[in-house]
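> Here you go, model_13.cif (mmCIF, C-alpha atoms):
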data_upload
loop_
_atom_site.label_atom_id
_atom_site.label_comp_id
_atom_site.auth_asym_id
_atom_site.auth_seq_id
_atom_site.Cartn_x
_atom_site.Cartn_y
_atom_site.Cartn_z
CA MET A 1 88.12 102.20 111.76
CA LYS A 2 85.26 104.40 110.69
CA ASN A 3 82.71 106.24 112.76
CA ASN A 4 79.40 107.98 112.42
CA ILE A 5 80.06 110.88 114.75
CA LYS A 6 78.93 113.31 112.08
CA VAL A 7 75.57 111.56 111.71
CA GLU A 8 75.03 111.31 115.45
CA ARG A 9 75.99 114.94 115.78
CA ALA A 10 73.37 115.89 113.21
CA ILE A 11 70.74 113.86 115.08
CA LYS A 12 71.60 115.58 118.36
CA ASN A 13 71.88 118.93 116.57
CA LEU A 14 75.37 119.63 117.92
CA THR A 15 78.15 121.56 116.21
CA GLN A 16 81.72 120.23 116.27
CA GLU A 17 82.53 122.92 118.81
CA GLU A 18 79.67 121.92 121.13
CA LEU A 19 80.57 118.25 120.99
CA ALA A 20 84.23 119.15 121.56
CA ASN A 21 83.30 121.11 124.68
CA ARG A 22 81.16 118.29 126.05
CA VAL A 23 84.00 115.79 125.86
CA SER A 24 86.71 118.39 126.70
CA VAL A 25 88.80 118.17 123.55
CA SER A 26 89.65 120.69 120.83
CA ARG A 27 87.43 121.15 117.79
CA GLN A 28 90.34 119.95 115.65
CA THR A 29 90.06 116.55 117.31
CA ILE A 30 86.38 116.14 116.41
CA ASN A 31 87.16 117.38 112.91
CA ALA A 32 90.04 114.91 112.49
CA MET A 33 87.93 112.00 113.77
CA GLU A 34 85.09 112.80 111.40
CA ALA A 35 87.57 112.91 108.54
CA ASN A 36 88.88 109.49 109.68
CA LYS A 37 92.30 111.02 110.24
CA TYR A 38 92.45 110.26 113.92
CA VAL A 39 91.57 107.20 116.00
CA PRO A 40 90.54 108.38 119.47
CA SER A 41 91.72 106.88 122.72
CA THR A 42 89.39 104.46 124.49
CA VAL A 43 88.55 107.14 127.05
CA LEU A 44 87.53 109.63 124.38
CA ALA A 45 85.52 107.01 122.46
CA LEU A 46 83.61 106.15 125.66
CA LYS A 47 82.95 109.83 126.38
CA ILE A 48 81.61 110.42 122.88
CA ALA A 49 79.36 107.37 123.11
CA ARG A 50 78.01 108.69 126.39
CA VAL A 51 77.10 112.06 124.86
CA PHE A 52 75.08 110.25 122.19
CA ASN A 53 73.59 107.73 124.67
CA LYS A 54 74.83 104.84 122.60
CA SER A 55 77.33 102.05 122.96
CA VAL A 56 80.83 102.55 121.57
CA GLU A 57 80.23 99.89 118.87
CA GLU A 58 77.29 101.81 117.51
CA ILE A 59 79.48 104.81 116.83
CA PHE A 60 82.89 103.32 116.04
CA ILE A 61 83.00 100.50 113.52
CA LEU A 62 85.98 98.31 112.67
CA GLU A 63 86.88 97.96 109.02
CA LYS A 64 88.41 95.00 107.15
CA LYS A 65 91.88 96.53 107.12
CA ASP A 66 91.96 96.97 110.90
CA MET B 1 103.41 112.70 125.34
CA SER B 2 103.69 113.93 128.89
CA ARG B 3 101.92 117.25 129.15
CA LYS B 4 103.88 118.05 132.31
CA LEU B 5 106.81 119.03 130.11
CA LEU B 6 104.78 121.70 128.38
CA LEU B 7 104.46 125.31 129.47
CA ALA B 8 101.17 127.14 129.94
CA ASN B 9 99.46 128.46 126.83
CA LYS B 10 100.26 132.11 127.61
CA TYR B 11 103.95 131.51 126.90
CA LYS B 12 103.16 130.73 123.28
CA LYS B 13 102.27 134.35 122.55
CA LEU B 14 105.39 135.54 124.38
CA GLY B 15 107.37 133.07 122.29
CA TRP B 16 106.10 134.58 119.02
CA PHE B 17 106.90 138.07 120.30
CA ILE B 18 110.51 137.00 120.79
CA LEU B 19 110.76 134.68 117.79
CA ILE B 20 109.54 137.01 115.04
CA PRO B 21 111.94 139.93 115.65
CA SER B 22 114.87 137.60 116.26
CA THR B 23 114.10 135.74 113.00
CA ILE B 24 114.18 139.03 111.11
CA LEU B 25 117.42 140.10 112.79
CA GLY B 26 118.85 136.62 112.28
CA LEU B 27 118.14 136.71 108.55
CA ILE B 28 119.76 140.15 108.27
CA LEU B 29 122.78 138.80 110.16
CA ALA B 30 122.99 135.77 107.90
CA TYR B 31 123.24 137.91 104.76
CA ASN B 32 125.36 140.77 106.00
CA GLU B 33 127.31 140.25 109.13
CA PHE B 34 127.08 143.27 111.40
CA GLY B 35 127.95 143.95 114.98
CA LEU B 36 126.09 146.51 117.01
CA ASP B 37 128.64 148.80 118.63
CA TRP B 38 126.94 148.76 121.98
CA LEU B 39 126.92 144.98 122.06
CA TRP B 40 130.51 144.45 123.05
CA ALA B 41 130.98 142.54 126.24
CA ARG B 42 133.47 140.69 128.31
CA VAL B 43 132.20 137.14 128.28
CA PHE B 44 133.14 133.93 130.02
CA ALA B 45 134.07 131.12 127.65
CA ILE B 46 134.33 127.41 128.42
CA ALA B 47 136.39 127.08 125.24
CA ASN B 48 137.91 129.80 123.13
CA ASP B 49 140.70 130.48 120.62
CA GLY B 50 144.06 130.52 122.35
CA LYS B 51 147.57 131.24 121.08
CA GLU B 52 149.09 129.41 118.10
CA GLY B 53 145.85 127.75 117.11
CA LYS B 54 145.46 126.01 120.42
CA TYR B 55 142.27 126.02 122.44
CA MET B 56 141.99 127.95 125.65
CA TYR B 57 139.65 126.74 128.34
CA LEU B 58 137.73 128.58 131.08
CA SER B 59 138.76 132.10 130.20
CA PHE B 60 137.32 135.55 129.62
CA ARG B 61 137.40 137.47 126.36
CA ASN B 62 136.08 140.71 124.89
CA THR B 63 133.85 140.11 121.94
CA ASN B 64 130.89 141.47 120.01
CA ILE B 65 127.87 139.53 121.16
CA THR B 66 125.32 140.52 118.48
CA ASN B 67 125.24 136.98 117.07
CA THR B 68 125.04 135.47 120.52
CA VAL B 69 122.14 137.68 121.60
CA VAL B 70 120.10 137.22 118.41
CA GLY B 71 120.74 133.47 118.32
CA SER B 72 119.84 133.04 121.99
CA PHE B 73 116.61 135.00 121.61
CA PHE B 74 115.74 132.94 118.56
CA ILE B 75 116.23 129.68 120.46
CA ILE B 76 114.31 130.92 123.51
CA GLY B 77 111.44 132.20 121.33
CA ALA B 78 111.30 129.03 119.25
CA MET B 79 111.34 126.84 122.37
CA LEU B 80 108.52 128.85 123.96
CA VAL B 81 106.43 128.53 120.78
CA SER B 82 107.22 124.82 120.43
CA PHE B 83 106.75 123.75 124.01
CA SER B 84 103.77 125.75 125.18
CA LYS B 85 100.39 124.09 125.35
CA GLU B 86 97.74 124.91 122.82
CA LYS B 87 94.63 126.56 124.24
CA ASN B 88 92.95 123.21 124.15
CA GLU B 89 95.78 120.71 124.38
CA ASP B 90 94.29 117.24 124.05
CA GLU B 91 95.22 113.76 122.86
CA PHE B 92 94.99 114.56 119.15
CA ILE B 93 97.18 117.66 119.52
CA ALA B 94 99.63 115.61 121.59
CA GLU B 95 99.81 113.14 118.72
CA ILE B 96 100.44 115.86 116.14
CA ARG B 97 103.09 117.31 118.46
CA LEU B 98 104.87 113.98 118.76
CA SER B 99 104.69 113.15 115.06
CA SER B 100 105.91 116.65 114.18
CA LEU B 101 108.89 116.20 116.49
CA LEU B 102 109.74 112.92 114.79
CA TRP B 103 109.36 114.58 111.43
CA ALA B 104 111.50 117.56 112.41
CA VAL B 105 114.39 115.46 113.74
CA CYS B 106 114.27 113.21 110.70
CA VAL B 107 114.13 116.00 108.09
CA SER B 108 116.76 117.99 109.93
CA TYR B 109 119.21 115.08 109.91
CA ILE B 110 118.53 114.32 106.26
CA LEU B 111 119.36 117.95 105.45
CA LEU B 112 122.45 117.72 107.62
CA LEU B 113 123.59 114.53 105.92
CA ILE B 114 123.16 116.03 102.47
CA SER B 115 125.08 119.16 103.50
CA PHE B 116 127.71 117.04 105.23
CA LEU B 117 128.34 115.21 101.97
CA LEU B 118 128.17 118.23 99.69
CA VAL B 119 129.62 121.17 101.63
CA TYR B 120 133.30 121.44 102.51
CA GLY B 121 135.61 124.04 103.98
CA THR B 122 134.50 127.31 105.53
CA PRO B 123 130.93 127.18 104.10
CA PHE B 124 130.41 124.13 106.31
CA LEU B 125 130.51 126.52 109.25
CA ASP B 126 127.29 128.04 107.87
CA VAL B 127 125.76 124.57 107.70
CA MET B 128 126.57 124.10 111.37
CA VAL B 129 124.96 127.43 112.21
CA TYR B 130 121.76 126.66 110.29
CA ASN B 131 121.66 123.20 111.80
CA MET B 132 121.42 124.75 115.26
CA PHE B 133 117.93 125.92 114.39
CA THR B 134 116.48 123.48 111.86
CA VAL B 135 114.82 121.07 114.30
CA LEU B 136 112.83 123.84 115.98
CA ILE B 137 112.01 125.62 112.72
CA ILE B 138 110.78 122.47 110.95
CA PHE B 139 108.82 121.42 114.04
CA ILE B 140 107.02 124.78 114.31
CA ILE B 141 106.18 124.86 110.59
CA ARG B 142 104.88 121.30 110.48
CA PHE B 143 102.96 121.42 113.78
CA THR B 144 101.32 124.77 112.96
CA TYR B 145 100.44 123.61 109.45
CA ILE B 146 98.75 120.37 110.57
CA LEU B 147 96.84 122.14 113.37
CA HIS B 148 95.70 124.80 110.94
CA LYS B 149 94.69 122.21 108.35
CA ASN B 150 92.51 120.43 110.86
CA SER B 151 90.81 123.54 112.12
CA ASN B 152 89.58 124.49 108.69
CA SER B 153 86.45 122.52 108.14
CA GLU B 154 83.58 122.95 105.81
CA SER B 155 81.74 120.26 107.70
CA ASP B 156 80.83 122.26 110.75
CA GLU B 157 77.17 122.69 109.97
CA LYS B 158 74.71 121.28 112.44
#
For this file, produce the structure as structure tokens.

Amino acid sequence: MKNNIKVERAIKNLTQEELANRVSVSRQTINAMEANKYVPSTVLALKIARVFNKSVEEIFILEKKD
Amino acid sequence: MSRKLLLANKYKKLGWFILIPSTILGLILAYNEFGLDWLWARVFAIANDGKEGKYMYLSFRNTNITNTVVGSFFIIGAMLVSFSKEKNEDEFIAEIRLSSLLWAVCVSYILLLISFLLVYGTPFLDVMVYNMFTVLIIFIIRFTYILHKNSNSESDEK
């Protein structure tokens, strides 16, 4: 699964730290997700989508191997 | 991983305060056995050496407890470091914690198996002593490393 958190973050002008605070996780988590090293829980994915005012599918995209 | 089993974040610092000096003392002890004169005590033992090579159960004995004290502090310190929450304990950190535990148990047993096959006689006693601590040591190294790796990012620009 890939995601465009980094792009959405740039659009909203948020740092990793700011986004992390908004969804109450550590900055490491945002960092790991952006590096595609961590697949978030459904709850976290929904929270992130809500910060960006988008649907989950617009931010998290399934890949062929999934 | 259930976060209820973890201690509050403040215990992590306390853990390092105990762990670092006891690691240093432990390493000194490993290379040259010494007993501090003031650390003699009468201790209760569930099992102990008895007469004619037999075991003696539920008894008291006088012994130097330097090893016991240093080893106990090491275990307490390492447990506090291992099982205290991070400042911002979340699902990703819980995953690293769990995978590091798996890693630590696995690596520790591989090391034990290798030593079990290759070390015989009295030196095996040393293997047993090291094995008391390997799970916690490997866990702390791996967990700290992965956390650290993920907090370094060049991509934190807006």
> Could you check the closest approach to chain B for each of A:Ala32, A:Ala20, A:Ile5, A:Ala49 and tell me which residue wins, using all atoms listed in the file?
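So, comparing all the options, the nearest one is A:Ala32.
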> Specify as JSON, numbers by chain all residues of chain A found within 6 Å of chain B, counting only C-alpha atoms.
{"A": [10, 13, 14, 15, 16, 25, 26, 28, 29]}
> List, as number ranges by chain, every residue that the PyMOL selection byres ((chain B and resi 130-132) around 10) selects in the file provided.
B: 30, 71, 75, 108-109, 111-112, 115, 124-129, 133-137
> For a cut-off of 7 Å around (131.2, 139.9, 120.7), file coordinates, pick out all residues using only C-alpha atoms and list them as a PyMOL selection string.
chain B and resi 39-41+62-66
> The PyMOL selection byres ((chain A and resi 48) around 12) on the file shown: which residues, as number ranges by chain?
A: 3-6, 8-9, 16, 18-25, 29-30, 33, 40-47, 49-60
> Just to be explicit: take each residue in the selection above, keep C-alpha atoms, and write the result as a compact mmCIF listing (two decimals), in the frame of the given file.

# COMPACT_ATOMS: atom_id res chain seq x y z
CA ASN A 3 82.71 106.24 112.76
CA ASN A 4 79.40 107.98 112.42
CA ILE A 5 80.06 110.88 114.75
CA LYS A 6 78.93 113.31 112.08
CA GLU A 8 75.03 111.31 115.45
CA ARG A 9 75.99 114.94 115.78
CA GLN A 16 81.72 120.23 116.27
CA GLU A 18 79.67 121.92 121.13
CA LEU A 19 80.57 118.25 120.99
CA ALA A 20 84.23 119.15 121.56
CA ASN A 21 83.30 121.11 124.68
CA ARG A 22 81.16 118.29 126.05
CA VAL A 23 84.00 115.79 125.86
CA SER A 24 86.71 118.39 126.70
CA VAL A 25 88.80 118.17 123.55
CA THR A 29 90.06 116.55 117.31
CA ILE A 30 86.38 116.14 116.41
CA MET A 33 87.93 112.00 113.77
CA PRO A 40 90.54 108.38 119.47
CA SER A 41 91.72 106.88 122.72
CA THR A 42 89.39 104.46 124.49
CA VAL A 43 88.55 107.14 127.05
CA LEU A 44 87.53 109.63 124.38
CA ALA A 45 85.52 107.01 122.46
CA LEU A 46 83.61 106.15 125.66
CA LYS A 47 82.95 109.83 126.38
CA ALA A 49 79.36 107.37 123.11
CA ARG A 50 78.01 108.69 126.39
CA VAL A 51 77.10 112.06 124.86
CA PHE A 52 75.08 110.25 122.19
CA ASN A 53 73.59 107.73 124.67
CA LYS A 54 74.83 104.84 122.60
CA SER A 55 77.33 102.05 122.96
CA VAL A 56 80.83 102.55 121.57
CA GLU A 57 80.23 99.89 118.87
CA GLU A 58 77.29 101.81 117.51
CA ILE A 59 79.48 104.81 116.83
CA PHE A 60 82.89 103.32 116.04
> May I have the residues within 8 Å of region 16-25 of chain B as a list in words, using all atoms listed in the file and disregarding those fewer than 6 positions away in the same chain?
Val70, Gly71, Phe73, Phe74, Ile75, Ile76, Gly77, Ala78, Leu80 and Val81 of chain B
> Between CA of Ala35 (chain A) and CA of Leu98 (chain B), measure the distance and give it in Å to one decimal.
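Answer for the CA of Ala35 (chain A) to CA of Leu98 (chain B) separation: 20.1 Å.
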> Rounded to one decimal in Å, what is the spacing between CA of Met1 (chain A) and CA of Asp66 (chain A)?
6.5 Å
> In Å, how far is it from CA of Leu102 (chain B) to CA of Ile140 (chain B)?
12.2 Å
> Report the centre and edge lengths, in Å to one decimal, of an axis-aligned box enclosing every atom of region 47-63 of chain A listed in the file, padded by 6 Å on each side, as JSON.

{"center_x": 80.2, "center_y": 105.0, "center_z": 117.7, "size_x": 25.3, "size_y": 26.1, "size_z": 29.4}
> Give me the residues within 12 Å of Arg61 (chain B) as a PyMOL selection string, counting all atoms listed in the file and dropping any in the same chain fewer than 6 places off.
chain B and resi 40-50
> Would you mind putting back N, CA and C atoms on region 38-65 of chain B, then writing it out as a short mmCIF file (atom, residue, chain, number, x, y, z; two decimals), in the coordinates of the input?

data_model
loop_
_atom_site.label_atom_id
_atom_site.label_comp_id
_atom_site.auth_asym_id
_atom_site.auth_seq_id
_atom_site.Cartn_x
_atom_site.Cartn_y
_atom_site.Cartn_z
N TRP B 38 127.19 148.81 120.53
CA TRP B 38 126.94 148.76 121.98
C TRP B 38 126.84 147.33 122.50
N LEU B 39 127.02 146.37 121.60
CA LEU B 39 126.92 144.98 122.06
C LEU B 39 128.28 144.30 122.21
N TRP B 40 129.23 145.07 122.70
CA TRP B 40 130.51 144.45 123.05
C TRP B 40 130.45 144.06 124.52
N ALA B 41 131.01 142.93 124.83
CA ALA B 41 130.98 142.54 126.24
C ALA B 41 132.16 141.65 126.57
N ARG B 42 132.45 141.61 127.83
CA ARG B 42 133.47 140.69 128.31
C ARG B 42 132.72 139.43 128.72
N VAL B 43 132.98 138.35 128.01
CA VAL B 43 132.20 137.14 128.28
C VAL B 43 133.09 136.00 128.80
N PHE B 44 132.44 135.13 129.54
CA PHE B 44 133.14 133.93 130.02
C PHE B 44 133.01 132.86 128.95
N ALA B 45 134.12 132.17 128.66
CA ALA B 45 134.07 131.12 127.65
C ALA B 45 134.61 129.81 128.21
N ILE B 46 133.84 128.74 128.03
CA ILE B 46 134.33 127.41 128.42
C ILE B 46 135.50 127.06 127.49
N ALA B 47 135.31 127.30 126.20
CA ALA B 47 136.39 127.08 125.24
C ALA B 47 136.47 128.28 124.32
N ASN B 48 137.67 128.55 123.84
CA ASN B 48 137.91 129.80 123.13
C ASN B 48 139.19 129.63 122.32
N ASP B 49 139.44 130.55 121.35
CA ASP B 49 140.70 130.48 120.62
C ASP B 49 141.84 130.92 121.52
N GLY B 50 142.89 130.14 121.56
CA GLY B 50 144.06 130.52 122.35
C GLY B 50 145.20 130.93 121.42
N LYS B 51 146.41 130.87 121.91
CA LYS B 51 147.57 131.24 121.08
C LYS B 51 147.99 130.07 120.20
N GLU B 52 148.54 130.40 119.05
CA GLU B 52 149.09 129.41 118.10
C GLU B 52 148.10 128.30 117.77
N GLY B 53 146.86 128.72 117.53
CA GLY B 53 145.85 127.75 117.11
C GLY B 53 145.41 126.75 118.16
N LYS B 54 145.89 126.93 119.37
CA LYS B 54 145.46 126.01 120.42
C LYS B 54 144.17 126.50 121.08
N TYR B 55 143.49 125.61 121.72
CA TYR B 55 142.27 126.02 122.44
C TYR B 55 142.64 126.54 123.82
N MET B 56 141.76 127.44 124.31
CA MET B 56 141.99 127.95 125.65
C MET B 56 140.70 127.66 126.41
N TYR B 57 140.85 127.12 127.59
CA TYR B 57 139.65 126.74 128.34
C TYR B 57 139.41 127.65 129.53
N LEU B 58 138.14 127.82 129.89
CA LEU B 58 137.73 128.58 131.08
C LEU B 58 138.43 129.93 131.17
N SER B 59 138.10 130.79 130.21
CA SER B 59 138.76 132.10 130.20
C SER B 59 137.74 133.19 129.90
N PHE B 60 138.18 134.42 129.99
CA PHE B 60 137.32 135.55 129.62
C PHE B 60 137.84 136.17 128.34
N ARG B 61 136.94 136.73 127.54
CA ARG B 61 137.40 137.47 126.36
C ARG B 61 136.44 138.60 126.05
N ASN B 62 136.94 139.63 125.36
CA ASN B 62 136.08 140.71 124.89
C ASN B 62 135.62 140.36 123.49
N THR B 63 134.34 140.45 123.27
CA THR B 63 133.85 140.11 121.94
C THR B 63 132.54 140.82 121.66
N ASN B 64 132.20 140.91 120.36
CA ASN B 64 130.89 141.47 120.01
C ASN B 64 129.87 140.35 120.13
N ILE B 65 128.81 140.60 120.88
CA ILE B 65 127.87 139.53 121.16
C ILE B 65 126.54 139.65 120.39
#
